[in-house]
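Visitor: my_file07.pdb is the file, holding PDB, C-alpha atoms and all ligand atoms:
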```pdb
ATOM      1  CA  THR D  37      56.983 152.905 -11.656
ATOM      2  CA  ALA D  38      57.180 149.509  -9.979
ATOM      3  CA  PRO D  39      60.061 148.514  -7.693
ATOM      4  CA  ALA D  40      62.694 146.222  -9.206
ATOM      5  CA  LEU D  41      64.093 142.878  -8.086
ATOM      6  CA  GLN D  42      67.704 141.988  -8.743
ATOM      7  CA  LEU D  43      68.315 138.646 -10.449
ATOM      8  CA  ASN D  44      71.373 136.452  -9.864
ATOM      9  CA  THR D  45      72.725 137.816 -13.159
ATOM     10  CA  GLY D  46      72.606 141.393 -11.847
ATOM     11  CA  ALA D  47      69.662 142.312 -14.100
ATOM     12  CA  LEU D  48      66.806 144.352 -12.617
ATOM     13  CA  LEU D  49      63.353 142.848 -13.061
ATOM     14  CA  PRO D  50      60.366 145.246 -12.760
ATOM     15  CA  ALA D  51      58.277 143.754  -9.941
ATOM     16  CA  ILE D  52      54.898 144.223 -11.667
ATOM     17  CA  GLY D  53      54.412 142.773 -15.144
ATOM     18  CA  LEU D  54      51.401 142.364 -17.414
ATOM     19  CA  GLY D  55      50.228 138.753 -17.803
ATOM     20  CA  THR D  56      48.855 137.824 -21.259
ATOM     21  CA  TRP D  57      47.762 134.187 -20.975
ATOM     22  CA  LYS D  58      44.373 133.548 -22.670
ATOM     23  CA  SER D  59      44.465 136.995 -24.302
ATOM     24  CA  GLY D  60      43.744 136.809 -28.047
ATOM     25  CA  GLU D  61      45.624 138.798 -30.699
ATOM     26  CA  GLU D  62      43.681 142.069 -30.708
ATOM     27  CA  ASP D  63      43.035 142.036 -26.961
ATOM     28  CA  THR D  64      46.730 141.452 -26.378
ATOM     29  CA  TYR D  65      47.723 144.306 -28.683
ATOM     30  CA  ASN D  66      45.402 146.720 -26.877
ATOM     31  CA  ALA D  67      46.307 145.416 -23.421
ATOM     32  CA  VAL D  68      50.052 145.781 -23.988
ATOM     33  CA  LYS D  69      49.609 149.280 -25.397
ATOM     34  CA  SER D  70      47.416 150.289 -22.442
ATOM     35  CA  ALA D  71      49.862 148.767 -19.984
ATOM     36  CA  ILE D  72      52.894 150.569 -21.379
ATOM     37  CA  ALA D  73      50.929 153.833 -21.439
ATOM     38  CA  ALA D  74      49.976 153.238 -17.783
ATOM     39  CA  GLY D  75      53.647 152.804 -16.811
ATOM     40  CA  TYR D  76      54.213 149.030 -17.001
ATOM     41  CA  ARG D  77      57.679 148.190 -18.304
ATOM     42  CA  HIS D  78      57.370 144.402 -18.024
ATOM     43  CA  ILE D  79      55.292 142.160 -20.333
ATOM     44  CA  ASP D  80      55.011 138.401 -19.925
ATOM     45  CA  THR D  81      54.094 136.176 -22.877
ATOM     46  CA  ALA D  82      54.818 132.642 -24.136
ATOM     47  CA  ALA D  83      55.037 130.811 -27.456
ATOM     48  CA  ILE D  84      51.959 128.699 -26.590
ATOM     49  CA  TYR D  85      49.834 131.780 -25.796
ATOM     50  CA  GLY D  86      49.751 132.454 -29.550
ATOM     51  CA  ASN D  87      49.978 136.219 -29.031
ATOM     52  CA  GLU D  88      53.689 137.022 -29.387
ATOM     53  CA  SER D  89      53.229 138.915 -32.663
ATOM     54  CA  ALA D  90      50.577 141.135 -31.052
ATOM     55  CA  VAL D  91      52.929 141.816 -28.115
ATOM     56  CA  GLY D  92      55.656 142.781 -30.585
ATOM     57  CA  ARG D  93      53.372 145.115 -32.575
ATOM     58  CA  ALA D  94      52.198 146.848 -29.406
ATOM     59  CA  ILE D  95      55.788 147.331 -28.228
ATOM     60  CA  ARG D  96      56.775 148.919 -31.531
ATOM     61  CA  ASP D  97      53.679 151.165 -31.521
ATOM     62  CA  SER D  98      54.135 152.186 -27.866
ATOM     63  CA  GLY D  99      56.902 154.687 -28.593
ATOM     64  CA  VAL D 100      58.829 153.473 -25.540
ATOM     65  CA  PRO D 101      62.433 152.481 -26.363
ATOM     66  CA  ARG D 102      63.046 148.728 -26.414
ATOM     67  CA  GLU D 103      65.792 148.986 -23.791
ATOM     68  CA  ASP D 104      63.309 150.461 -21.291
ATOM     69  CA  LEU D 105      61.092 147.360 -21.491
ATOM     70  CA  TRP D 106      61.411 143.914 -19.960
ATOM     71  CA  ILE D 107      60.010 141.186 -22.227
ATOM     72  CA  THR D 108      59.691 137.570 -21.124
ATOM     73  CA  THR D 109      58.669 134.653 -23.305
ATOM     74  CA  LYS D 110      58.737 130.875 -22.837
ATOM     75  CA  LEU D 111      59.893 127.717 -24.554
ATOM     76  CA  PHE D 112      56.915 125.445 -25.089
ATOM     77  CA  SER D 113      57.068 121.777 -24.150
ATOM     78  CA  THR D 114      57.068 120.500 -27.738
ATOM     79  CA  GLN D 115      60.442 122.175 -28.398
ATOM     80  CA  HIS D 116      62.563 120.859 -25.537
ATOM     81  CA  ARG D 117      64.970 119.188 -27.936
ATOM     82  CA  ASN D 118      65.773 122.483 -29.603
ATOM     83  CA  PRO D 119      65.438 125.566 -27.349
ATOM     84  CA  LYS D 120      67.526 127.614 -29.804
ATOM     85  CA  GLU D 121      64.881 127.049 -32.472
ATOM     86  CA  GLY D 122      62.170 127.847 -29.916
ATOM     87  CA  LEU D 123      63.812 131.140 -28.997
ATOM     88  CA  GLU D 124      64.426 132.140 -32.602
ATOM     89  CA  GLY D 125      60.782 131.407 -33.509
ATOM     90  CA  SER D 126      59.592 133.581 -30.613
ATOM     91  CA  LEU D 127      61.941 136.435 -31.597
ATOM     92  CA  GLU D 128      60.673 136.276 -35.157
ATOM     93  CA  ARG D 129      57.030 136.480 -34.028
ATOM     94  CA  LEU D 130      57.845 139.236 -31.547
ATOM     95  CA  GLY D 131      59.909 141.111 -34.126
ATOM     96  CA  LEU D 132      62.630 141.617 -31.517
ATOM     97  CA  ASP D 133      66.404 141.035 -31.509
ATOM     98  CA  TYR D 134      66.392 139.722 -27.948
ATOM     99  CA  VAL D 135      64.159 138.956 -24.982
ATOM    100  CA  ASP D 136      65.090 139.907 -21.443
ATOM    101  CA  LEU D 137      64.062 136.558 -20.041
ATOM    102  CA  TYR D 138      63.513 133.151 -21.636
ATOM    103  CA  LEU D 139      61.814 130.530 -19.477
ATOM    104  CA  MET D 140      61.362 126.787 -19.793
ATOM    105  CA  HIS D 141      57.550 126.865 -19.632
ATOM    106  CA  TRP D 142      57.101 123.411 -17.997
ATOM    107  CA  PRO D 143      59.497 120.772 -16.654
ATOM    108  CA  VAL D 144      57.884 118.378 -19.148
ATOM    109  CA  ALA D 145      58.564 117.633 -22.806
ATOM    110  CA  LEU D 146      55.551 116.784 -24.991
ATOM    111  CA  LYS D 147      55.334 114.871 -28.258
ATOM    112  CA  ALA D 148      55.050 117.487 -30.971
ATOM    113  CA  ASP D 149      52.907 115.717 -33.578
ATOM    114  CA  LYS D 150      49.485 116.705 -32.165
ATOM    115  CA  LEU D 151      50.430 120.367 -32.173
ATOM    116  CA  ALA D 152      51.043 120.515 -35.909
ATOM    117  CA  THR D 153      48.390 123.231 -36.255
ATOM    118  CA  GLY D 154      49.991 125.243 -33.491
ATOM    119  CA  HIS D 155      46.940 125.692 -31.297
ATOM    120  CA  TRP D 156      46.597 123.972 -27.957
ATOM    121  CA  PHE D 157      42.815 124.030 -28.089
ATOM    122  CA  SER D 158      42.866 122.202 -31.440
ATOM    123  CA  ILE D 159      44.114 119.082 -29.643
ATOM    124  CA  PRO D 160      41.051 116.881 -28.991
ATOM    125  CA  LEU D 161      39.857 116.305 -25.427
ATOM    126  CA  LEU D 162      39.746 112.713 -24.209
ATOM    127  CA  PRO D 163      36.823 111.295 -22.164
ATOM    128  CA  ASP D 164      38.860 111.827 -18.962
ATOM    129  CA  GLY D 165      39.051 115.558 -19.688
ATOM    130  CA  ARG D 166      42.711 115.545 -20.657
ATOM    131  CA  ARG D 167      44.164 116.505 -24.031
ATOM    132  CA  ASP D 168      45.151 113.864 -26.502
ATOM    133  CA  ILE D 169      48.840 114.704 -26.182
ATOM    134  CA  ASP D 170      51.503 112.654 -24.456
ATOM    135  CA  VAL D 171      54.568 113.408 -22.417
ATOM    136  CA  GLU D 172      57.776 112.577 -24.228
ATOM    137  CA  ASP D 173      60.578 110.519 -22.713
ATOM    138  CA  TRP D 174      63.076 113.393 -22.441
ATOM    139  CA  ASP D 175      64.742 114.759 -19.307
ATOM    140  CA  PHE D 176      64.233 118.497 -18.717
ATOM    141  CA  VAL D 177      67.800 118.633 -17.318
ATOM    142  CA  LYS D 178      68.945 118.165 -20.918
ATOM    143  CA  THR D 179      66.706 121.042 -21.988
ATOM    144  CA  TRP D 180      68.283 123.264 -19.347
ATOM    145  CA  ARG D 181      71.764 122.247 -20.500
ATOM    146  CA  LEU D 182      70.816 123.487 -23.989
ATOM    147  CA  MET D 183      69.149 126.644 -22.647
ATOM    148  CA  GLN D 184      72.337 127.595 -20.805
ATOM    149  CA  GLU D 185      73.992 128.282 -24.147
ATOM    150  CA  LEU D 186      71.346 130.764 -25.272
ATOM    151  CA  PRO D 187      72.484 133.953 -23.480
ATOM    152  CA  LYS D 188      75.860 133.699 -25.278
ATOM    153  CA  SER D 189      74.053 134.446 -28.550
ATOM    154  CA  GLY D 190      72.749 137.725 -27.142
ATOM    155  CA  LYS D 191      69.222 136.637 -28.115
ATOM    156  CA  CYS D 192      68.109 136.337 -24.493
ATOM    157  CA  ARG D 193      69.637 138.189 -21.570
ATOM    158  CA  ASN D 194      68.511 135.873 -18.759
ATOM    159  CA  ILE D 195      67.174 132.334 -18.525
ATOM    160  CA  GLY D 196      64.866 130.727 -16.019
ATOM    161  CA  VAL D 197      62.186 128.126 -15.465
ATOM    162  CA  SER D 198      58.464 128.007 -14.829
ATOM    163  CA  ASN D 199      56.202 125.579 -12.973
ATOM    164  CA  PHE D 200      59.241 124.013 -11.289
ATOM    165  CA  SER D 201      58.778 122.239  -7.942
ATOM    166  CA  ILE D 202      61.463 121.916  -5.261
ATOM    167  CA  ASN D 203      62.242 118.438  -6.596
ATOM    168  CA  ASN D 204      62.583 119.729 -10.148
ATOM    169  CA  LEU D 205      64.966 122.476  -8.998
ATOM    170  CA  LYS D 206      66.972 119.927  -7.009
ATOM    171  CA  LYS D 207      67.368 117.833 -10.153
ATOM    172  CA  LEU D 208      69.093 120.803 -11.800
ATOM    173  CA  SER D 209      71.366 121.544  -8.836
ATOM    174  CA  ASP D 210      72.207 117.836  -8.321
ATOM    175  CA  SER D 211      73.461 117.416 -11.871
ATOM    176  CA  GLU D 212      77.142 116.401 -11.959
ATOM    177  CA  ASP D 213      78.112 119.033 -14.470
ATOM    178  CA  LYS D 214      77.630 122.378 -12.707
ATOM    179  CA  LEU D 215      74.531 123.891 -14.268
ATOM    180  CA  VAL D 216      73.626 127.574 -14.270
ATOM    181  CA  VAL D 217      71.182 128.452 -11.454
ATOM    182  CA  PRO D 218      67.895 129.640 -13.022
ATOM    183  CA  ALA D 219      67.448 133.407 -12.594
ATOM    184  CA  VAL D 220      63.696 133.008 -12.118
ATOM    185  CA  ASN D 221      61.024 130.428 -11.311
ATOM    186  CA  GLN D 222      57.576 131.555 -12.477
ATOM    187  CA  ILE D 223      54.779 129.752 -10.615
ATOM    188  CA  GLU D 224      51.129 130.155  -9.658
ATOM    189  CA  ILE D 225      50.845 132.051  -6.343
ATOM    190  CA  HIS D 226      47.937 133.741  -4.560
ATOM    191  CA  PRO D 227      46.418 133.372  -1.077
ATOM    192  CA  GLN D 228      44.738 130.078  -2.064
ATOM    193  CA  LEU D 229      48.130 128.675  -3.178
ATOM    194  CA  PRO D 230      50.739 130.486  -1.056
ATOM    195  CA  GLN D 231      53.689 128.226  -2.103
ATOM    196  CA  THR D 232      55.631 129.317   0.998
ATOM    197  CA  GLU D 233      58.035 126.365   1.046
ATOM    198  CA  LEU D 234      58.897 126.691  -2.644
ATOM    199  CA  ILE D 235      59.382 130.465  -2.278
ATOM    200  CA  ASP D 236      61.743 129.970   0.685
ATOM    201  CA  PHE D 237      63.670 127.297  -1.221
ATOM    202  CA  CYS D 238      64.133 129.654  -4.194
ATOM    203  CA  LYS D 239      65.064 132.630  -2.011
ATOM    204  CA  ALA D 240      67.775 130.599  -0.272
ATOM    205  CA  ARG D 241      69.276 129.795  -3.680
ATOM    206  CA  GLY D 242      69.036 133.251  -5.227
ATOM    207  CA  ILE D 243      66.210 132.331  -7.606
ATOM    208  CA  VAL D 244      63.711 135.185  -7.983
ATOM    209  CA  ILE D 245      60.049 134.170  -7.954
ATOM    210  CA  GLU D 246      57.433 135.453 -10.382
ATOM    211  CA  ALA D 247      53.762 134.878  -9.477
ATOM    212  CA  TYR D 248      51.297 134.110 -12.245
ATOM    213  CA  SER D 249      47.532 134.173 -11.615
ATOM    214  CA  PRO D 250      48.124 136.488  -8.618
ATOM    215  CA  LEU D 251      44.415 137.375  -8.610
ATOM    216  CA  GLY D 252      43.241 133.761  -8.749
ATOM    217  CA  SER D 253      42.910 133.538 -12.551
ATOM    218  CA  SER D 254      39.681 133.879 -14.519
ATOM    219  CA  ASP D 255      37.223 132.429 -12.004
ATOM    220  CA  SER D 256      38.800 133.841  -8.868
ATOM    221  CA  ALA D 257      36.912 133.098  -5.658
ATOM    222  CA  MET D 258      38.909 135.794  -3.855
ATOM    223  CA  LEU D 259      38.146 139.037  -5.706
ATOM    224  CA  THR D 260      34.532 139.129  -4.512
ATOM    225  CA  HIS D 261      35.135 137.820  -1.005
ATOM    226  CA  PRO D 262      33.804 140.222   1.679
ATOM    227  CA  VAL D 263      37.097 140.242   3.626
ATOM    228  CA  LEU D 264      38.980 141.402   0.561
ATOM    229  CA  VAL D 265      36.235 143.774  -0.596
ATOM    230  CA  ASP D 266      36.229 145.445   2.852
ATOM    231  CA  LEU D 267      40.019 145.674   2.937
ATOM    232  CA  ALA D 268      40.034 147.253  -0.512
ATOM    233  CA  LYS D 269      37.545 149.887   0.682
ATOM    234  CA  LYS D 270      39.756 150.661   3.664
ATOM    235  CA  TYR D 271      42.655 151.456   1.310
ATOM    236  CA  ASP D 272      40.393 153.203  -1.192
ATOM    237  CA  ALA D 273      41.509 150.608  -3.745
ATOM    238  CA  GLN D 274      40.319 147.509  -5.607
ATOM    239  CA  PRO D 275      40.512 143.938  -4.249
ATOM    240  CA  ALA D 276      43.085 143.266  -6.995
ATOM    241  CA  ASN D 277      45.383 145.990  -5.564
ATOM    242  CA  VAL D 278      45.317 144.259  -2.184
ATOM    243  CA  LEU D 279      46.240 140.888  -3.734
ATOM    244  CA  ILE D 280      49.032 142.508  -5.761
ATOM    245  CA  ASN D 281      50.410 144.189  -2.638
ATOM    246  CA  TRP D 282      50.180 140.885  -0.761
ATOM    247  CA  GLY D 283      52.524 139.387  -3.382
ATOM    248  CA  LEU D 284      54.936 142.339  -3.486
ATOM    249  CA  SER D 285      55.150 142.389   0.313
ATOM    250  CA  ARG D 286      56.215 138.726   0.232
ATOM    251  CA  GLY D 287      59.191 139.708  -1.925
ATOM    252  CA  TYR D 288      58.456 138.535  -5.446
ATOM    253  CA  CYS D 289      57.318 139.743  -8.839
ATOM    254  CA  VAL D 290      53.583 139.642  -9.700
ATOM    255  CA  LEU D 291      52.054 139.245 -13.165
ATOM    256  CA  PRO D 292      48.370 140.306 -13.039
ATOM    257  CA  LYS D 293      46.579 139.589 -16.314
ATOM    258  CA  SER D 294      43.917 141.870 -17.772
ATOM    259  CA  ILE D 295      42.685 142.880 -21.199
ATOM    260  CA  ASN D 296      40.677 145.804 -19.837
ATOM    261  CA  ALA D 297      42.416 149.193 -20.037
ATOM    262  CA  GLU D 298      40.884 150.483 -16.805
ATOM    263  CA  ARG D 299      41.745 147.370 -14.806
ATOM    264  CA  ILE D 300      45.256 147.341 -16.299
ATOM    265  CA  LYS D 301      45.757 150.907 -15.111
ATOM    266  CA  SER D 302      44.162 150.258 -11.741
ATOM    267  CA  ASN D 303      46.308 147.150 -11.131
ATOM    268  CA  PHE D 304      49.474 149.232 -11.542
ATOM    269  CA  ARG D 305      48.434 151.555  -8.739
ATOM    270  CA  GLN D 306      50.551 150.584  -5.768
ATOM    271  CA  ILE D 307      49.197 150.692  -2.244
ATOM    272  CA  THR D 308      50.835 149.642   1.006
ATOM    273  CA  VAL D 309      48.770 147.258   3.078
ATOM    274  CA  SER D 310      49.641 147.082   6.793
ATOM    275  CA  ASP D 311      51.252 143.918   8.211
ATOM    276  CA  GLU D 312      48.063 143.186  10.129
ATOM    277  CA  ASP D 313      45.938 143.375   7.008
ATOM    278  CA  ILE D 314      48.459 141.278   5.044
ATOM    279  CA  GLU D 315      47.778 138.617   7.704
ATOM    280  CA  LEU D 316      44.051 138.871   6.959
ATOM    281  CA  VAL D 317      44.774 138.251   3.268
ATOM    282  CA  THR D 318      47.007 135.296   4.163
ATOM    283  CA  HIS D 319      44.059 133.826   6.087
ATOM    284  CA  LEU D 320      41.649 134.129   3.149
ATOM    285  CA  ILE D 321      42.523 130.494   2.433
ATOM    286  CA  ASP D 322      40.661 129.512   5.638
ATOM    287  CA  GLU D 323      37.491 130.990   4.126
ATOM    288  CA  VAL D 324      37.729 130.130   0.415
ATOM    289  CA  GLY D 325      39.900 127.013   0.572
ATOM    290  CA  ALA D 326      43.069 125.984  -1.224
ATOM    291  CA  LYS D 327      42.982 125.939  -4.994
ATOM    292  CA  ARG D 328      45.383 125.476  -7.873
ATOM    293  CA  TYR D 329      43.747 127.188 -10.841
ATOM    294  CA  VAL D 330      46.218 126.137 -13.538
ATOM    295  CA  GLN D 331      46.298 122.407 -14.147
ATOM    296  CA  PRO D 332      47.861 121.167 -17.373
ATOM    297  CA  ASP D 333      45.670 118.749 -19.283
ATOM    298  CA  TRP D 334      48.198 116.512 -21.021
ATOM    299  CA  ARG D 335      48.902 112.905 -19.967
ATOM    300  CA  PRO D 336      50.023 111.807 -17.439
ATOM    301  CA  TRP D 337      49.094 114.072 -14.552
ATOM    302  CA  PRO D 338      50.071 115.238 -11.870
ATOM    303  CA  ILE D 339      53.468 116.877 -12.335
ATOM    304  CA  PHE D 340      53.806 119.283  -9.406
ATOM    305  CA  GLU D 341      55.596 116.931  -6.951
TER
HETATM  306  P1  LIG D 401      40.037 140.873 -17.467
HETATM  307  O1  LIG D 401      41.161 140.456 -18.375
HETATM  308  O2  LIG D 401      38.726 140.912 -18.152
HETATM  309  O3  LIG D 401      40.386 142.138 -16.697
HETATM  310  P2  LIG D 401      45.150 136.531 -12.876
HETATM  311  O4  LIG D 401      46.075 137.688 -13.069
HETATM  312  O5  LIG D 401      45.141 135.976 -11.512
HETATM  313  O6  LIG D 401      45.337 135.470 -13.930
HETATM  314  O7  LIG D 401      43.661 137.065 -13.016
HETATM  315  C1  LIG D 401      43.187 137.496 -14.212
HETATM  316  C2  LIG D 401      41.688 137.582 -14.151
HETATM  317  O8  LIG D 401      41.256 138.646 -13.288
HETATM  318  C3  LIG D 401      41.156 137.884 -15.510
HETATM  319  O9  LIG D 401      39.951 137.198 -15.669
HETATM  320  C4  LIG D 401      40.935 139.389 -15.491
HETATM  321  O10 LIG D 401      39.880 139.723 -16.348
HETATM  322  C5  LIG D 401      40.580 139.644 -14.031
HETATM  323  N1  LIG D 401      41.051 140.932 -13.524
HETATM  324  C6  LIG D 401      42.215 141.560 -13.777
HETATM  325  N2  LIG D 401      42.328 142.705 -13.086
HETATM  326  C7  LIG D 401      41.202 142.813 -12.359
HETATM  327  C8  LIG D 401      40.700 143.772 -11.430
HETATM  328  N3  LIG D 401      41.408 144.848 -11.114
HETATM  329  N4  LIG D 401      39.477 143.554 -10.880
HETATM  330  C9  LIG D 401      38.764 142.456 -11.197
HETATM  331  N5  LIG D 401      39.170 141.522 -12.056
HETATM  332  C10 LIG D 401      40.385 141.681 -12.634
END
```
Could you quickly redo this structure as structure tokens?
Guide:
Amino acid sequence: TAPALQLNTGALLPAIGLGTWKSGEEDTYNAVKSAIAAGYRHIDTAAIYGNESAVGRAIRDSGVPREDLWITTKLFSTQHRNPKEGLEGSLERLGLDYVDLYLMHWPVALKADKLATGHWFSIPLLPDGRRDIDVEDWDFVKTWRLMQELPKSGKCRNIGVSNFSINNLKKLSDSEDKLVVPAVNQIEIHPQLPQTELIDFCKARGIVIEAYSPLGSSDSAMLTHPVLVDLAKKYDAQPANVLINWGLSRGYCVLPKSINAERIKSNFRQITVSDEDIELVTHLIDEVGAKRYVQPDWRPWPIFE
């Protein structure tokens, strides 16, 4: 089993979860089943991933009691005006009575019309490489005010945010009406994007961090790097295990994504990398450079300040 992290609500979050972004329906079903069989008790999905029903089917077929699992899903940006509706839609697709954690996926509301078909990739690309979908004039603080009411319904046990910067978090804490402190901030973190300042800011405020793309996403420059390959050999493990341990040793939850049963199982194997070798991983950035893999493609950009 993975260690657990205590949220500001008292809930215990399993520190390794399965990421499911970009996984299609059948791949997701098989991945979630493999993960639960391998010992994972934490699955991360989102309304916009389009795979919530597959996650739900796999959970039901896993034979593991619902209360032993931690399920996170996310409110997509086209539903900021009605998070209750967003949550209920997700629960219906998941076939669950509640989720353990409901996150605001982005601190940005989008105009809903272009997503009528429900698929992000159906939105045409513009010549500048962005999607033909616009940001809506709507303050995410209002979304959070609405999300605060959701745990009272019992339909989500904890609420949090994702892709929030220090400035975004400050906007919540600076609000005149005392707003609930998010339990979690889920952000991209790996040695090429260490996010140290944001992590420290969250730690000081009791917000638990979850790292997505902990391996450097689908075209990771790190997994094949000789420094990491050599380190992995030293620990008789895979480069991915070293990156996962790097995250755990920095005190947050990691969400490695895979649709391959063997890699899913292998990623759950926990090793302990020495402090000296953790330093080597931290310095990978000097060799491969800084990189943010996940960049939203709506207009306008950027949004991470
Ligand atoms: P696959 O799903 O085919 O296993 P991240 O978690 O940073 O988003 O990275 C996910 C990417 O890394 C996916 O492309 C995934 O591919 C791949 N991946 C996951 N686990 C491993 C592993 N143990 N070794 C190599 N690649 C992996």
Visitor: So which one's closest to Ser249 (chain D), D:Ile225, D:Ala273, D:Val263, D:Leu137? Using only C-alpha atoms, please.
Guide: D:Ile225
Visitor: Evaluated on this file, the PyMOL selection byres (((not hetatm)) within 8 of (chain D and resi 401)) picks out some residues - which ones are they, written as an MDAnalysis selection string?
Guide: chainID D and resid 55 57 59 226 248:256 259 274:277 291:296 299:300 302:303
Visitor: For each of D:Gly92, D:Pro218, D:Gly287, D:Gly86, take the minimum atom-to-atom distance to Asp133 (chain D), counting only C-alpha atoms, then give the residue where this is smallest.
Guide: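 Answer, going by the shortest atom-to-atom distance: D:Gly92.
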Visitor: From the options D:Pro227, D:Glu298, D:Tyr271, D:Leu234, which residue's atoms come nearest to Ala326 (chain D), counting only C-alpha atoms?
Guide: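 Answer, going by the shortest atom-to-atom distance: D:Pro227.
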Visitor: Using only C-alpha atoms, which of the listed residues (D:Asp313, D:Asp236, D:Asp136, D:Glu128) sits closest to Lys270 (chain D)?
Guide: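 Nearest to Lys270 (chain D): D:Asp313.
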Visitor: Counting all atoms listed in the file, which residues have an atom no more than 10 Å from (47.8, 111.4, -22.6) in the file's coordinates? Please list them as number ranges by chain.
Guide: D: 146, 161-162, 164, 166-171, 333-337
Visitor: Let me know the residues the PyMOL selection byres (((chain D and resi 314-322) around 9) and not hetatm) catches in the file above, as a ChimeraX atom specification.
Guide: /D:226-230,258,261,263-264,267,278-279,281-282,285,309-313,323-327
